[in-house]
Amino acid sequence: MAPSLRPASPCLHLASPCAAPAAEPGRSRSAVTIGGSRPLSVSLRVGGSSRREFPCTTMASRDHSGLTRQLLDFQHGTVDEIDGEHDPFKELKARFMDFKQRNCVDNFSNYQNLAQQQTPKFMVVACADSRVCPSSVLGFQPGEAFTVRNIANLVPPYQHGASETSAALEFAVNSLEVENVLVVGHSRCGGIQALMSMKNKQDDSQSRSFIKDWVSIAKSARLSTEAAAGNLNFELQCRHCEKESINSSLLNLLTYPWIEKRVNEGTLSLHGGYYNFIDCTFEKWTLVYRQGLEGGSKYAIKNRSTWS
């Protein structure tokens, strides 16, 4: 039998006591304010349980300027590492020094040029999964790819509004004038598994989460997968949807007026990529977009290849 765990008070670590607003029946609530902030209620999902109110909430503080002053006042120099034996940054420091040697010391003129400006040819939309860093997988060097990563490498449609992905696209296409946008998906994507797990379930406020709200952007890919591969097991459906969602994102790119304009002018190309880390292969293709294609569609695939 699993032991019963009695949760400790979530406010024990706070210097100031939690204020106690009026509690709802059967629910205790409290809040803390920092730097003149106002408390808001938040919720916590534990395991597979339903949505629960977290009894002590903290608003974002405006006191970050004090932390920044500490950084600015710091005198750069050699500082002994604290708890070096267990320091998770010890290896990162060694890697950085190697990076500095190869990119700055050994190639100083190029490094100085990059310090002045960036002129990448690629804008990459990739997944946040720790196994699929596009710079590692595709060998991008500093200055070669402007990159944004999110759950399931999704591109929301223009009508979705502001997001870190749409902001990155706007800067890459309009300011940096990249020539290629590459959307990279991958095998065993947890975001796609979350998307496919939502089928036949009604979305209610008790089961919502940031992840579900985000991956819902690719609902059309899930529906297409159910229609094309609904007779397959869950793993194979997810594999199908991983590629389906890439194409969904490529079409969403065309909802951005300044992307569609450049694609029509021939100054911007849209590409899909799929990294299978099970057998270490990479598949790429290019989206064709123009009126009057064969079959009456505006979309087609060209230059498909697999690197194995």
# chains A, B, ... in the order shown; residues from 1 in each chain; ligands from 1
call {"tool": "select_by_dssp", "arguments": {"residues": "stretch 191-279 of chain A", "states": "strand (DSSP E)", "output": "compact mmCIF listing (two decimals) with N, CA and C atoms, in the first residue's frame"}}
result
# COMPACT_ATOMS: atom_id res chain seq x y z
N SER A 269 11.00 30.43 -48.91
CA SER A 269 10.57 29.04 -49.11
C SER A 269 10.20 28.43 -47.77
N LEU A 270 9.20 27.56 -47.77
CA LEU A 270 8.72 26.90 -46.56
C LEU A 270 9.03 25.41 -46.65
N HIS A 271 9.63 24.87 -45.60
CA HIS A 271 10.10 23.49 -45.60
C HIS A 271 9.62 22.75 -44.35
N GLY A 272 9.40 21.46 -44.50
CA GLY A 272 9.13 20.59 -43.37
C GLY A 272 10.28 19.64 -43.16
N GLY A 273 10.51 19.29 -41.90
CA GLY A 273 11.56 18.33 -41.57
C GLY A 273 11.08 17.39 -40.48
N TYR A 274 11.50 16.14 -40.53
CA TYR A 274 11.10 15.16 -39.51
C TYR A 274 12.32 14.36 -39.09
N TYR A 275 12.69 14.52 -37.82
CA TYR A 275 13.84 13.82 -37.26
C TYR A 275 13.36 12.60 -36.48
N ASN A 276 13.73 11.43 -36.95
CA ASN A 276 13.39 10.19 -36.26
C ASN A 276 14.61 9.76 -35.45
call {"tool": "closest_residue", "arguments": {"among": "A:Ile151, A:Leu169, A:Val263, A:Met196", "to": "A:Cys241", "atoms": "only C-alpha atoms"}}
result
A:Met196
call {"tool": "residues_around", "arguments": {"residues": "stretch 129-132 of chain A", "least_positions_apart": "2", "cutoff": "9 Å", "atoms": "only C-alpha atoms", "output": "MDAnalysis selection string"}}
result
chainID A and resid 126:127 134:137 149:152 184:186 189:190 275 277
call {"tool": "closest_atom_pairs", "arguments": {"of": "stretch 128-190 of chain A", "to": "stretch 244-251 of chain A", "cutoff": "8 Å", "atoms": "only C-alpha atoms", "output": "JSON lines"}}
result
{"residue": "A:Asn153", "atom": "CA", "partner": "A:Ile246", "partner_atom": "CA", "distance": 7.7}
{"residue": "A:Leu154", "atom": "CA", "partner": "A:Ser249", "partner_atom": "CA", "distance": 5.9}
{"residue": "A:Val155", "atom": "CA", "partner": "A:Ser249", "partner_atom": "CA", "distance": 4.8}
{"residue": "A:Pro156", "atom": "CA", "partner": "A:Ser249", "partner_atom": "CA", "distance": 7.0}
{"residue": "A:Pro157", "atom": "CA", "partner": "A:Ser249", "partner_atom": "CA", "distance": 7.9}
{"residue": "A:Val183", "atom": "CA", "partner": "A:Ile246", "partner_atom": "CA", "distance": 6.4}
{"residue": "A:Val184", "atom": "CA", "partner": "A:Ile246", "partner_atom": "CA", "distance": 7.2}
{"residue": "A:Gly185", "atom": "CA", "partner": "A:Ile246", "partner_atom": "CA", "distance": 6.4}
